[in-house]
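Undergrad: Input: one structure, supplied below.
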Number of protein chains: 6
Amino acid sequence: MTQTHTTSQTRLERGKAALAAIDGEAGENVIASLAGIAPDFATYLLEFPFGDIYSRPDLSLRDREIATIAALCAMGTARPQLEVHIAAGLNVGLTRVEITEILMQMSVYAGFPAALNGIAAAKTVFARREDQGI
Amino acid sequence: MTQTHTTSQTRLERGKAALAAIDGEAGENVIASLAGIAPDFATYLLEFPFGDIYSRPDLSLRDREIATIAALCAMGTARPQLEVHIAAGLNVGLTRVEITEILMQMSVYAGFPAALNGIAAAKTVFARREDQGI
Amino acid sequence: MTQTHTTSQTRLERGKAALAAIDGEAGENVIASLAGIAPDFATYLLEFPFGDIYSRPDLSLRDREIATIAALCAMGTARPQLEVHIAAGLNVGLTRVEITEILMQMSVYAGFPAALNGIAAAKTVFARREDQGI
Amino acid sequence: MTQTHTTSQTRLERGKAALAAIDGEAGENVIASLAGIAPDFATYLLEFPFGDIYSRPDLSLRDREIATIAALCAMGTARPQLEVHIAAGLNVGLTRVEITEILMQMSVYAGFPAALNGIAAAKTVFARREDQGI
Amino acid sequence: MTQTHTTSQTRLERGKAALAAIDGEAGENVIASLAGIAPDFATYLLEFPFGDIYSRPDLSLRDREIATIAALCAMGTARPQLEVHIAAGLNVGLTRVEITEILMQMSVYAGFPAALNGIAAAKTVFARREDQGI
Amino acid sequence: MTQTHTTSQTRLERGKAALAAIDGEAGENVIASLAGIAPDFATYLLEFPFGDIYSRPDLSLRDREIATIAALCAMGTARPQLEVHIAAGLNVGLTRVEITEILMQMSVYAGFPAALNGIAAAKTVFARREDQGI
């Protein structure tokens with residue numbers, strides 16, 4: 001999976017393509033949930049994180065998801081987004097074992113409860129994908 | 001850089017070797033600073049994070065440092081350790097550009113101040129290494 | 001809505017009046033939930049935050065709720081209280097649009113997940129009030 | 001309740017004994033939940049927090065649980081673990097009144113929402129034990 | 001102070017104008033500090049927080065700074081940015097008394113240490129401006 | 001050291017006595033620092049944390065300081081207050097060894113950097129008292 005963008009794409013187009021590649025259906029659900037209350041925020045979410053940041057060429061999507069999974073696990077304040085990015089990690093090439101290693105490592109930096117809750121999130125995501133036959 | 005450990009090594013020996021390879025002199029300074037007040041904690045630090053976690057084979061040290069730099073930048077509560085691990089990232093194969101990408105990405109998950117402060121930490125580390133001719 | 005207090009009121013009386021004006025029924029539920037386990041804490045909650053702080057004259061209740069909604073959204077650790085204060089914001093004169101702007105802005109200071117979870121809290125509160133015909 | 005360990009015990013054996021004494025069944029559920037996804041992390045959890053830290057002689061288990069309950073309440077990011085340690089506090093000699101005092105005090109250091117959510121966790125734990133006739 | 005933007009302005013132009021109006025010289029120092037290490041991040045900082053968010057018409061800059069000061073004080077992880085935004089609050093119409101009220105109120109939501117450290121930041125900013133005769 | 005208060009004392013008087021007993025000179029410096037900017041907040045600080053909370057009889061001051069040191073170490077956002085309360089812990093009967101145990105234990109709940117930074121704070125406080133011949 002590579003990050004390519006032609007300069008003729010708008011940020012919004014680039015962000016939509018990146019969101020689809022990284023987060024898949026879960027990302028589209030987030031965008032849809034904003035429709036009735038903060039549609040401009042859906043646009044910003046597509047444009048800045050996905051159109052700007054994830055589309056930058058100097059770090060692979062796999063490496064970017066390591067960073068995101070680690071940060072969300074360590075912060076411990078964003079369970080829904082941690083689940084989305086554990087699935088995203090699998091989408092861009094991380095294995096279940098690698099994701100579990102990242103979450104275990106967070107015990108060193110954010111404590112055992114953060115790691116345990118991150119591993120519980122992974123368990124939920126892994127089970128959901130098995131149910132879906134992915 | 002690979003993580004190898006023979007089972008005949010103790011956790012402490014393995015941790016000392018891992019700390020030296022990853023954190024270099026900065027890690028040894030941390031250990032030394034604990035001597036007068038909490039020497040057992042220096043042992044735990046060598047044994048658990050370095051002897052146990054960083055010595056596990058299923059995630060490379062480069063990937064582990066992506067996770068650590070991201071988490072410490074996002075948490076925003078551990079500037080000294082963030083600087084140590086930005087240097088550690090360079091030690092295990094991350095480039096300055098990659099580290100800067102990780103820190104920039106944290107603006108999405110922990111806000112712009114966290115990213116700005118992380119970039120300031122990187123600037124300090126990069127300058128220090130230039131002074132040292134590394 | 002103005003903050004007035006005569007010096008003859010006790011802190012507790014002033015706090016009860018402020019809580020009723022700001023948080024309404026949701027605030028009374030919080031007080032009730034403490035009855036069986038920590039009744040003194042219910043008193044402190046009425047006296048200090050509401051009798052002392054929210055009753056001070058130099059900042060309007062509307063401005064105070066901007067501050068509280070922003071802080072709770074950014075911290076990301078207090079969903080029940082964020083919902084109470086989103087409703088409180090509506091009670092003291094903030095519009096739904098203004099509250100949504102505050103929450104969106106938190107993406108800059110605490111990251112997109114904090115803002116998304118804050119917006120989800122607002123969606124819940126706005127829907128609940130529609131169900132109640134408010 | 002005292003912390004004793006003979007040097008002939010392994011860290012794992014000592015950790016298992018400490019976990020059983022402190023967390024009881026709740027601790028065993030945590031270990032069991034890791035079996036399918038991160039069994040090594042269950043070992044680390046037994047060895048480092050319980051085999052190393054909680055088994056140290058210079059602070060009583062009662063004092064250690066004061067520290068843990070306070071920290072988890074203040075952080076506000078680990079509700080399941082806060083519940084486990086409120087029960088653990090009761091197991092090692094803290095009274096319900098003392099635990100409630102600790103949680104109330106957290107309003108000073110981490111704000112009223114953290115204290116309120118901590119008290120809600122205690123209410124859940126106390127009720128569960130009454131249902132179990134403990 | 002009003003937020004106006006004509007659609008013919010680019011996000012970057014709009015962001016530069018907003019940054020100058022809100023943060024003044026302190027904002028320009030932040031941008032300058034990024035030049036040697038992460039110039040694209042300076043562009044993002046101008047474009048998203050300032051060009052997109054602060055330029056939105058449905059919340060005044062004064063109200064936006066209440067939200068930002070409250071959030072940064074409550075988070076307690078971004079002292080340099082808190083100082084910039086206390087000064088920004090004064091720039092867009094908040095009084096010293098109002099800013100102090102916001103910071104005091106944070107004792108309720110994030111604890112007394114967060115409020116004390118926020119008030120210390122305000123003291124620094126207020127003194128600096130007196131030295132500069134502002 | 002016991003917590004006694006006669007009902008004829010005001011909260012402010014009780015708070016002043018508690019602050020003097022617990023925090024000593026460091027507490028008075030905090031109060032003094034508020035004089036020019038937020039004198040009412042100094043009053044609240046004396047009245048609520050010290051006059052209300054620390055004066056409650058059902059938990060000893062020694063136990064209360066265990067809770068406060070643990071919470072501030074785990075949060076990692078309030079170094080000045082952590083130092084004040086490490087000294088306060090010594091004032092109310094905790095030993096250096098006990099305080100170091102509490103801080104080490106925080107590695108389990110908030111990560112090794114939080115514990116390392118807490119131990120560094122203790123080192124500073126212990127050295128300062130030796131300089132003062134305490």
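In the structure tokens, chains take letters A, B, ... by order of appearance, with residues numbered from 1 within each chain and ligands from 1 in the order shown.
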Report the closest atom pair, with its distance in Å rounded to one decimal, for each residue of chain A that has an atom no farther than 7 Å from chain F; count only C-alpha atoms, sort by chain and then rising residue number, and write it as JSON lines.
TA:
```
{"residue": "A:Ser107", "atom": "CA", "partner": "F:Gly111", "partner_atom": "CA", "distance": 6.3}
{"residue": "A:Val108", "atom": "CA", "partner": "F:Gly111", "partner_atom": "CA", "distance": 5.1}
{"residue": "A:Tyr109", "atom": "CA", "partner": "F:Gly111", "partner_atom": "CA", "distance": 4.3}
{"residue": "A:Ala110", "atom": "CA", "partner": "F:Gly111", "partner_atom": "CA", "distance": 4.2}
{"residue": "A:Gly111", "atom": "CA", "partner": "F:Gly111", "partner_atom": "CA", "distance": 4.0}
{"residue": "A:Phe112", "atom": "CA", "partner": "F:Val108", "partner_atom": "CA", "distance": 5.7}
{"residue": "A:Pro113", "atom": "CA", "partner": "F:Tyr109", "partner_atom": "CA", "distance": 6.3}
```
Undergrad: What lies within 10 Å of region 125-131 of chain E using only C-alpha atoms, ignoring chain neighbours under 2 positions off, as a PyMOL selection string?
TA: (chain E and resi 82-87+90+96+119-123+133-134) or (chain F and resi 37)
Undergrad: Those selected residues, please, written with all heavy atoms and delivered as an mmCIF file, in the first residue's frame.
TA:
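Heads up, here's the output in selection.cif:
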```cif
data_model
loop_
_atom_site.group_PDB
_atom_site.id
_atom_site.type_symbol
_atom_site.label_atom_id
_atom_site.label_comp_id
_atom_site.auth_asym_id
_atom_site.auth_seq_id
_atom_site.Cartn_x
_atom_site.Cartn_y
_atom_site.Cartn_z
ATOM 1 N N LEU E 82 -0.399 27.755 26.503
ATOM 2 C CA LEU E 82 -1.321 28.432 27.422
ATOM 3 C C LEU E 82 -0.929 29.899 27.551
ATOM 4 O O LEU E 82 -1.789 30.790 27.509
ATOM 5 C CB LEU E 82 -1.308 27.747 28.795
ATOM 6 C CG LEU E 82 -2.187 28.397 29.869
ATOM 7 C CD1 LEU E 82 -3.640 28.514 29.445
ATOM 8 C CD2 LEU E 82 -2.084 27.624 31.184
ATOM 9 N N GLU E 83 0.370 30.167 27.677
ATOM 10 C CA GLU E 83 0.803 31.567 27.780
ATOM 11 C C GLU E 83 0.457 32.346 26.505
ATOM 12 O O GLU E 83 -0.024 33.478 26.574
ATOM 13 C CB GLU E 83 2.307 31.641 28.078
ATOM 14 C CG GLU E 83 2.646 31.113 29.476
ATOM 15 C CD GLU E 83 4.071 31.440 29.937
ATOM 16 O OE1 GLU E 83 4.718 32.311 29.311
ATOM 17 O OE2 GLU E 83 4.522 30.820 30.922
ATOM 18 N N VAL E 84 0.700 31.720 25.344
ATOM 19 C CA VAL E 84 0.353 32.392 24.081
ATOM 20 C C VAL E 84 -1.139 32.741 24.062
ATOM 21 O O VAL E 84 -1.532 33.840 23.657
ATOM 22 C CB VAL E 84 0.721 31.500 22.871
ATOM 23 C CG1 VAL E 84 0.078 32.020 21.587
ATOM 24 C CG2 VAL E 84 2.239 31.411 22.704
ATOM 25 N N HIS E 85 -1.979 31.823 24.536
ATOM 26 C CA HIS E 85 -3.424 32.065 24.428
ATOM 27 C C HIS E 85 -3.972 32.954 25.547
ATOM 28 O O HIS E 85 -5.044 33.533 25.394
ATOM 29 C CB HIS E 85 -4.186 30.749 24.305
ATOM 30 C CG HIS E 85 -4.103 30.220 22.910
ATOM 31 N ND1 HIS E 85 -4.904 30.682 21.897
ATOM 32 C CD2 HIS E 85 -3.251 29.341 22.339
ATOM 33 C CE1 HIS E 85 -4.583 30.077 20.767
ATOM 34 N NE2 HIS E 85 -3.573 29.253 21.008
ATOM 35 N N ILE E 86 -3.285 33.056 26.652
ATOM 36 C CA ILE E 86 -3.685 34.062 27.645
ATOM 37 C C ILE E 86 -3.441 35.458 27.049
ATOM 38 O O ILE E 86 -4.304 36.340 27.127
ATOM 39 C CB ILE E 86 -2.914 33.855 28.969
ATOM 40 C CG1 ILE E 86 -3.448 32.596 29.675
ATOM 41 C CG2 ILE E 86 -3.050 35.083 29.873
ATOM 42 C CD1 ILE E 86 -2.614 32.133 30.864
ATOM 43 N N ALA E 87 -2.290 35.609 26.400
ATOM 44 C CA ALA E 87 -2.029 36.880 25.706
ATOM 45 C C ALA E 87 -3.042 37.094 24.574
ATOM 46 O O ALA E 87 -3.554 38.202 24.374
ATOM 47 C CB ALA E 87 -0.599 36.908 25.165
ATOM 48 N N LEU E 90 -6.314 38.444 25.828
ATOM 49 C CA LEU E 90 -6.252 39.904 26.036
ATOM 50 C C LEU E 90 -6.347 40.632 24.692
ATOM 51 O O LEU E 90 -7.029 41.657 24.586
ATOM 52 C CB LEU E 90 -4.948 40.275 26.750
ATOM 53 C CG LEU E 90 -4.787 39.724 28.182
ATOM 54 C CD1 LEU E 90 -3.367 39.967 28.696
ATOM 55 C CD2 LEU E 90 -5.802 40.355 29.137
ATOM 56 N N ARG E 96 -8.162 40.913 32.132
ATOM 57 C CA ARG E 96 -7.358 40.101 33.051
ATOM 58 C C ARG E 96 -8.238 39.411 34.093
ATOM 59 O O ARG E 96 -7.998 38.267 34.468
ATOM 60 C CB ARG E 96 -6.330 40.984 33.769
ATOM 61 C CG ARG E 96 -5.258 41.479 32.816
ATOM 62 C CD ARG E 96 -4.187 42.264 33.551
ATOM 63 N NE ARG E 96 -3.259 42.803 32.554
ATOM 64 C CZ ARG E 96 -2.058 43.252 32.841
ATOM 65 N NH1 ARG E 96 -1.624 43.244 34.101
ATOM 66 N NH2 ARG E 96 -1.264 43.717 31.896
ATOM 67 N N ILE E 119 -2.890 29.951 36.734
ATOM 68 C CA ILE E 119 -2.788 31.310 37.282
ATOM 69 C C ILE E 119 -1.337 31.782 37.259
ATOM 70 O O ILE E 119 -1.054 32.950 36.965
ATOM 71 C CB ILE E 119 -3.384 31.348 38.714
ATOM 72 C CG1 ILE E 119 -4.913 31.150 38.633
ATOM 73 C CG2 ILE E 119 -3.051 32.663 39.420
ATOM 74 C CD1 ILE E 119 -5.588 30.880 39.973
ATOM 75 N N ALA E 120 -0.400 30.870 37.523
ATOM 76 C CA ALA E 120 1.023 31.238 37.439
ATOM 77 C C ALA E 120 1.393 31.637 36.013
ATOM 78 O O ALA E 120 2.174 32.576 35.797
ATOM 79 C CB ALA E 120 1.895 30.077 37.914
ATOM 80 N N ALA E 121 0.833 30.944 35.025
ATOM 81 C CA ALA E 121 1.076 31.301 33.619
ATOM 82 C C ALA E 121 0.518 32.694 33.329
ATOM 83 O O ALA E 121 1.172 33.507 32.652
ATOM 84 C CB ALA E 121 0.439 30.266 32.688
ATOM 85 N N ALA E 122 -0.674 32.975 33.845
ATOM 86 C CA ALA E 122 -1.277 34.302 33.631
ATOM 87 C C ALA E 122 -0.416 35.391 34.269
ATOM 88 O O ALA E 122 -0.219 36.461 33.687
ATOM 89 C CB ALA E 122 -2.689 34.334 34.203
ATOM 90 N N LYS E 123 0.089 35.109 35.464
ATOM 91 C CA LYS E 123 0.931 36.087 36.153
ATOM 92 C C LYS E 123 2.152 36.432 35.296
ATOM 93 O O LYS E 123 2.530 37.596 35.176
ATOM 94 C CB LYS E 123 1.378 35.466 37.486
ATOM 95 C CG LYS E 123 1.522 36.450 38.612
ATOM 96 C CD LYS E 123 1.733 35.710 39.938
ATOM 97 C CE LYS E 123 2.417 36.617 40.932
ATOM 98 N NZ LYS E 123 2.555 35.940 42.241
ATOM 99 N N GLY E 133 4.911 47.641 28.407
ATOM 100 C CA GLY E 133 4.050 48.812 28.394
ATOM 101 C C GLY E 133 2.745 48.626 27.639
ATOM 102 O O GLY E 133 2.161 49.576 27.129
ATOM 103 N N ILE E 134 2.301 47.355 27.524
ATOM 104 C CA ILE E 134 1.028 47.085 26.836
ATOM 105 C C ILE E 134 -0.120 47.165 27.843
ATOM 106 O O ILE E 134 -0.099 46.487 28.847
ATOM 107 C CB ILE E 134 1.014 45.699 26.181
ATOM 108 C CG1 ILE E 134 2.203 45.509 25.267
ATOM 109 C CG2 ILE E 134 -0.294 45.489 25.409
ATOM 110 C CD1 ILE E 134 2.269 44.166 24.580
ATOM 111 N N ILE F 37 -2.841 38.475 42.259
ATOM 112 C CA ILE F 37 -3.613 38.140 41.054
ATOM 113 C C ILE F 37 -4.967 37.506 41.360
ATOM 114 O O ILE F 37 -5.945 37.793 40.661
ATOM 115 C CB ILE F 37 -2.764 37.227 40.122
ATOM 116 C CG1 ILE F 37 -3.482 36.965 38.795
ATOM 117 C CG2 ILE F 37 -2.376 35.918 40.809
ATOM 118 C CD1 ILE F 37 -2.607 36.357 37.718
#
```
Undergrad: Quick one: residues within 8 Å of Arg64 (chain D), only C-alpha atoms, excluding same-chain residues fewer than 5 positions away - as a ChimeraX atom specification?
TA: /D:54,59 /F:102,105
Undergrad: Within 12 Å of Leu19 (chain D), counting only C-alpha atoms, which residues show up once you throw out same-chain ones fewer than 3 positions away? Write them as number ranges by chain, please.
TA: D: 3, 11-16, 22-31, 42-43, 45-55, 61, 84-85, 88, 91-92
Undergrad: Between CA of Val97 (chain D) and CA of Asp58 (chain F), what is the distance, to one decimal in Å?
TA: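 Pair CA of Val97 (chain D) / CA of Asp58 (chain F) returns 7.1 Å.
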Undergrad: What is the distance, in Å and to one decimal place, between CA of Tyr44 (chain F) and CA of Met75 (chain D)?
TA: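 It comes out at 23.5 Å.
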Undergrad: As an exercise, work out the distance from CA of Asp40 (chain C) to CA of Asn117 (chain D) in Å and give it to one decimal place.
TA: 15.8 Å
